[in-house]
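Note sheet for the following structure.
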Amino acid sequence: MNDKLTTRDINTRASPESHDKPLDAPPPWDSSPWDFRLLFDHSPAGVYVVQKGQICYANPAMGELLGCSPALIIDQPLLSFVHPDDRPAVESQRRWRSEDTKTAPFLTRIVQANGTITAVEVMESLLNDPSPLNPPDDCVRVGVMIDVTARRTVDVEIQERLHFEQLLADLSAGFVNLPCDQIDSRIDTSLRSLVEFLGNDRSTFVEFGDDEDHVVISHSYAVPDCQPFPIGPFAVSHLPWFINEFRSGKNVFLRSIPQDLPAAAAKERAHCLEEGIQSNVAIPIKAGGERLGGLTFAFVRKRCEWPRDILSRLGLIGEVFANALLRRRNEQLLQKTMSENTRLRRQLEQENLYLREQAVVKHHHGKIIGHSDAITRVLADVERVATTDAPVLLTGETGTGKELLAQTIHELSDRKGRPMVVVNCASLPATLIESELFGRAAGAYTGAASAEIGRFELADGSTLFLDEIGEFPLELQAKLLRVLQDGRFERLGTAKTISVDVRIIAATNRDLEAATRKNLFYRLNVFPIRVPPLRDRREDIPPLTWAFVESFGRRMGKSIKTIPRKTMKQLQDHDWPGNIRELSNAVERAMILADSDTLHVDMPATSRDGTQPHKTLKEVERDQIQLVLERTGWRIRGSGGAAEQLDIKPTTLEARMAKLGITRPNR
């Protein structure tokens with residue numbers, strides 16, 4: 001009797017009613033036009049029947065799974081197609097299935113005829129129960145096999161992503177509240193974990209600094225058969241294309257070296273060939289809005305097979321490192337600043353710096369500051385004339401403080417009980433100056449709907465300060481002279497005479513004798529006072545500077561404690577063509593830019609004779625940029641850097657430096 005299972009056996013044994021019938025009896029459904037072989041042959045899943053450990057039937061789909069014709073599968077042990085590493089597990093599964101009638105799938109791997117390994121899901125059922133007549137080895141099994149390679153690939157990718165997320169979480173947690181002195185060792189450990197997880201050969205952390213010509217290799221880990229990158233400064237000129245690519249914020253993904261390198265990367269090509277580097281990946285990293293460095297991954301033993309979407313995930317790891325380094329940098333900067341402050345405090349007594357308590361000397365006349373002979377003589381004249389009602393003519397360059405002296409004269413006079421009235425003759429149109437000074441009657445001219453008193457009436461019993469008197473219209477000078485002589489005038493549009501008691505103080509920076517009527521000039525020039533320019537009272541510049549510092553400091557909420565000797569000397573050596581007003585503007589600008597308790601003042605570019613040197617706009621821009629760069633130690637980025645002080649983006653400043661040919665001098 002043939003001990004092989006036939007298709008008829010499958011049909012017969014599939015029905016419990018056939019147990020009592022002879023084996024050669026036809027099954028009840030034998031008249032059906034379909035049999036199970038036909039169903040199996042058209043099944044999209046691989047179907048096989050095994051008896052005594054050997055395959056006695058395999059459908060075409062099974063042949064496709066195993067990569068050969070079904071005829072070649074017959075009489076072959078099923079385990080011969082199972083991956084050698086999986087055979088013990090499959091045998092165990094089948095043995096357990098022999099003892100349990102329940103059907104459950106299990107996963108394994110098969111080896112196709114061409115050597116391809118395929119993941120499959122298998123589900124077997126017993127066609128006859130084990131018994132003394134049917135020992136387990138003789139049991140007949142029918143199995144279904146399905147290719148699950150694609151599903152397994154997706155599962156593997158999901159698992160890998162989950163593992164990567166777990167790695168990222170572990171790395172991030174490791175840096176939380178980590179003391180600064182432990183950050184370096186933690187980065188080294190993290191790089192090792194990355195190399196072991198990602199399968200590359202070397203991982204290196206590169207830091208950017210203020211030196212445009214060098215980067216710093218701060219950390220590097222390599223597998224035992226590969227050398228780590230040397231720690232320390234590394235010249236950009238050695239690998240210019242590679243470093244500048246990711247320093248500018250670009251990802252570098254070189255899967256196949258040297259084929260993927262551009263023609264401009266000649267030095268990189270030579271370096272990779274010498275080091276045996278087959279692939280290289282670089283990720284720029286930044287924290288706090290600043291690019292701090294990059295993370296590189298080198299492949300020596302094999303080429304990189306990573307998908308490109310891994311770059312974004314690697315960037316997250318780089319940011320973990322960058323945030324830790326930024327925190328350490330800020331703490332180190334804070335410690336350095338505190339140490340520097342301590343050192344400066346200890347040196348204050350030995351260095352000849354200008355302290356506020358030592359330098360500010362105020363004259364007893366209110367806001368007039370200074371102790372030079374020139375200003376002392378002026379103040380002596382002010383004291384003499386203040387108690388009289390004589391007209392005073394203040395002459396001198398613009399910005400010398402003529403209005404402040406006029407206010408001082410008024411406050412020292414008997415008229416100080418009423419406010420001084422100020423008229424700037426240069427700011428009033430010629431058509432309106434008459435009505436402003438002398439007033440008008442209702443209907444005096446088109447638009448004059450009501451009467452209005454003038455400045456002379458407003459200053460009755462007080463002082464009228466006529467600033468820029470040299471700009472007074474010639475046609476009105478006779479009327480002004482009359483008021484100065486007898487205190488009488490008429491409002492515009494009326495013949496009624498008005499009398500006032502007004503003390504006149506006039507000021508000009510012009511040759512008043514040439515700009516006015518002779519008789520008016522003589523009337524105003526009763527007591528002339530020449531206000532000296534700032535270049536004639538250089539010893540007053542330190543107290544004036546400190547007075548401005550104190551005033552602007554209160555307004556801006558800043559406290560300046562020292563001004564370096566070099567800065568104060570530059571202030572005193574400057575000619576100040578704009579006089580005190582120009583000095584005030586320079587100090588205010590310096591106060592705005594100040595980020596410490598020491599004041600540095602940018603000097604205006606003027607020649608010794610007080611005139612501006614002839615420079616092009618390009619030259620002025622170059623001088624200003626170079627001045628700020630020198631003051632910041634050529635640091636472009638970050639808080640207090642040159643870009644921030646110039647109120648432009650770092651990239652814009654770098655572009656202008658390149659255009660203007662500004663380079664950092666050799667140290």
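Convention: chains lettered A, B, ... in structure tokens order; per-chain residue numbering from 1; ligands numbered from 1 as shown.
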
* Skipping near chain neighbours, those fewer than 6 positions away, what residues fall within 10 Å of Ile74 of chain A using only C-alpha atoms, listed as a PyMOL selection string? -> chain A and resi 48-50+54-58

If you run DSSP on the backbone, which residues of segment 462-524 of chain A are helix (DSSP H, G or I), as a short mmCIF file (atom, residue, chain, number, x, y, z; two decimals) with N, CA and C atoms, in the first residue's frame?
```
data_model
loop_
_atom_site.label_atom_id
_atom_site.label_comp_id
_atom_site.auth_asym_id
_atom_site.auth_seq_id
_atom_site.Cartn_x
_atom_site.Cartn_y
_atom_site.Cartn_z
N ILE A 469 19.41 136.48 16.73
CA ILE A 469 18.95 137.84 16.40
C ILE A 469 19.48 138.28 15.05
N GLY A 470 20.55 137.66 14.58
CA GLY A 470 21.09 138.01 13.27
C GLY A 470 20.16 137.68 12.13
N GLU A 471 19.12 136.86 12.38
CA GLU A 471 18.16 136.49 11.34
C GLU A 471 16.92 137.39 11.36
N LEU A 474 15.08 142.79 8.23
CA LEU A 474 15.57 144.16 8.19
C LEU A 474 14.43 145.17 8.31
N GLU A 475 13.26 144.85 7.70
CA GLU A 475 12.15 145.80 7.69
C GLU A 475 11.50 145.99 9.07
N LEU A 476 11.79 145.08 10.01
CA LEU A 476 11.21 145.20 11.35
C LEU A 476 12.22 145.68 12.38
N GLN A 477 13.44 145.91 11.96
CA GLN A 477 14.47 146.28 12.92
C GLN A 477 14.22 147.65 13.54
N ALA A 478 13.63 148.54 12.79
CA ALA A 478 13.33 149.88 13.34
C ALA A 478 12.30 149.79 14.45
N LYS A 479 11.29 148.92 14.25
CA LYS A 479 10.27 148.75 15.28
C LYS A 479 10.86 148.12 16.53
N LEU A 480 11.80 147.16 16.34
CA LEU A 480 12.46 146.54 17.49
C LEU A 480 13.33 147.56 18.22
N LEU A 481 14.00 148.43 17.47
CA LEU A 481 14.84 149.45 18.10
C LEU A 481 14.01 150.37 18.98
N ARG A 482 12.81 150.71 18.53
CA ARG A 482 11.94 151.61 19.31
C ARG A 482 11.57 150.97 20.64
N VAL A 483 11.27 149.67 20.61
CA VAL A 483 10.92 149.00 21.86
C VAL A 483 12.11 149.01 22.81
N LEU A 484 13.33 148.76 22.25
CA LEU A 484 14.51 148.75 23.09
C LEU A 484 14.80 150.13 23.71
N GLN A 485 14.45 151.19 22.97
CA GLN A 485 14.76 152.53 23.45
C GLN A 485 13.76 153.03 24.49
N ASP A 486 12.45 152.90 24.23
CA ASP A 486 11.47 153.47 25.17
C ASP A 486 10.40 152.49 25.62
N LEU A 512 27.04 140.32 13.91
CA LEU A 512 25.79 141.06 14.03
C LEU A 512 25.91 142.48 13.46
N GLU A 513 27.08 143.07 13.55
CA GLU A 513 27.26 144.44 13.04
C GLU A 513 27.01 144.50 11.54
N ALA A 514 27.36 143.43 10.84
CA ALA A 514 27.16 143.41 9.39
C ALA A 514 25.75 142.98 9.03
N ALA A 515 25.02 142.35 9.95
CA ALA A 515 23.71 141.79 9.64
C ALA A 515 22.56 142.67 10.08
N LYS A 518 22.96 149.78 12.06
CA LYS A 518 24.00 150.22 12.97
C LYS A 518 23.43 150.61 14.33
N ASN A 519 22.34 151.42 14.29
CA ASN A 519 21.78 151.89 15.55
C ASN A 519 21.21 150.74 16.39
N LEU A 520 20.64 149.71 15.73
CA LEU A 520 20.15 148.55 16.47
C LEU A 520 21.32 147.76 17.06
N PHE A 521 22.38 147.62 16.28
CA PHE A 521 23.54 146.89 16.79
C PHE A 521 24.11 147.57 18.03
N TYR A 522 24.24 148.91 17.96
CA TYR A 522 24.79 149.62 19.10
C TYR A 522 23.89 149.50 20.33
N ARG A 523 22.58 149.44 20.08
CA ARG A 523 21.65 149.33 21.21
C ARG A 523 21.73 147.95 21.85
N LEU A 524 21.91 146.91 21.03
CA LEU A 524 22.00 145.56 21.58
C LEU A 524 23.37 145.27 22.20
#
```

* Hey, what's within 12 Å of Leu326 of chain A if we count only C-alpha atoms and toss same-chain stuff fewer than 2 positions away? As a PyMOL selection string, please? -> chain A and resi 180+183+207-208+285-293+319-324+328-333+638

* Based on DSSP run over this structure's backbone, return all residues of segment 213-419 of chain A in strand (DSSP E or B), as JSON, numbers by chain. => {"A": [214, 215, 216, 217, 218, 219, 220, 221, 222, 232, 233, 234, 235, 252, 253, 254, 279, 280, 281, 282, 283, 284, 285, 286, 287, 290, 291, 292, 293, 294, 295, 296, 297, 298, 299, 354, 355, 362, 369, 392, 393, 394, 395]}

* Could you check which of A:Thr376, A:Thr108, A:Ser193, A:Thr545 is closest to Ala586 of chain A, using only C-alpha atoms? => A:Thr545

* Give me the residues within 12 Å of Ala222 of chain A as a list in words, counting only C-alpha atoms and dropping any in the same chain fewer than 4 places off. => Asp188, Thr189, Leu191, Arg192, Ser193, Leu194, Val195, Glu196, Gly199, Asn200, Asp201, Arg202, Ser203, Thr204, Phe205, Cys226, Gln227, Pro228, Phe229, Pro230, Thr296, Phe297, Ala298, Phe299, Val300 and Arg301 of chain A

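Of the residues under consideration (A:Ile146, A:Lys558, A:Phe548, A:Thr497), A:Phe548 shows the shortest atom-to-atom contact distance to Asn585 of chain A when counting only C-alpha atoms.
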
* Asked: Using only C-alpha atoms, which residues sit within 12 Å of Lys416 of chain A once same-chain residues fewer than 2 positions away are excluded, as an MDAnalysis selection string?
  -> chainID A and resid 386:387 406:414 418:421 459 461:464 503

For the selection you just gave me, I'd like the residues written to a file as a compact mmCIF listing (two decimals), in the first residue's frame, keeping C-alpha atoms.
```txt
# COMPACT_ATOMS: atom_id res chain seq x y z
CA ALA A 386 22.63 140.22 35.87
CA THR A 387 21.53 142.74 38.50
CA ALA A 406 20.79 133.79 29.21
CA GLN A 407 18.73 131.72 31.65
CA THR A 408 21.46 132.16 34.26
CA ILE A 409 21.42 135.95 33.80
CA HIS A 410 17.64 135.95 34.22
CA GLU A 411 17.76 133.79 37.36
CA LEU A 412 20.37 136.09 38.94
CA SER A 413 18.27 139.20 38.16
CA ASP A 414 15.39 140.82 40.04
CA ARG A 418 8.51 135.47 36.18
CA PRO A 419 9.64 132.98 33.49
CA MET A 420 11.99 134.14 30.76
CA VAL A 421 10.31 134.27 27.31
CA ALA A 459 7.50 139.20 28.84
CA GLY A 461 8.21 142.60 33.88
CA SER A 462 10.50 139.72 32.84
CA THR A 463 13.25 138.90 30.32
CA LEU A 464 12.89 138.36 26.57
CA ARG A 503 14.84 143.26 29.65
```

* To do: Have a look at atom CA of Val47 of chain A and atom CA of Val120 of chain A and let me know their distance in Å, one decimal.
  => 12.5 Å

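Proximity of A:Gly493, A:Gly399, A:Pro258, A:Gly633 to Gln278 of chain A, computed with only C-alpha atoms, is greatest for A:Pro258.
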
* To do: Fewer than 6 positions away in the same chain doesn't count, so skip those; otherwise give me all residues within 8 Å of Ile453 of chain A, counting only C-alpha atoms, as a PyMOL selection string.
  => chain A and resi 436+438-440+491

Hey, can you spit out that residue selection with C-alpha atoms as a PDB file, in the first residue's frame?
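The resulting part_28.pdb:
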```pdb
ATOM      1  CA  GLU A 436       4.506 136.925  17.196  1.00  0.00           C
ATOM      2  CA  PHE A 438       4.193 142.584  18.943  1.00  0.00           C
ATOM      3  CA  GLY A 439       0.766 140.889  18.827  1.00  0.00           C
ATOM      4  CA  ARG A 440      -2.167 141.567  16.555  1.00  0.00           C
ATOM      5  CA  ARG A 491       0.043 145.685  17.845  1.00  0.00           C
TER       6      ARG A 491
END
```

* Tell me, as a PyMOL selection string, which residues lie within 12 Å of Leu428 of chain A, counting only C-alpha atoms; anything in the same chain fewer than 5 positions away does not count. => chain A and resi 423+433-437+466-469+471-473
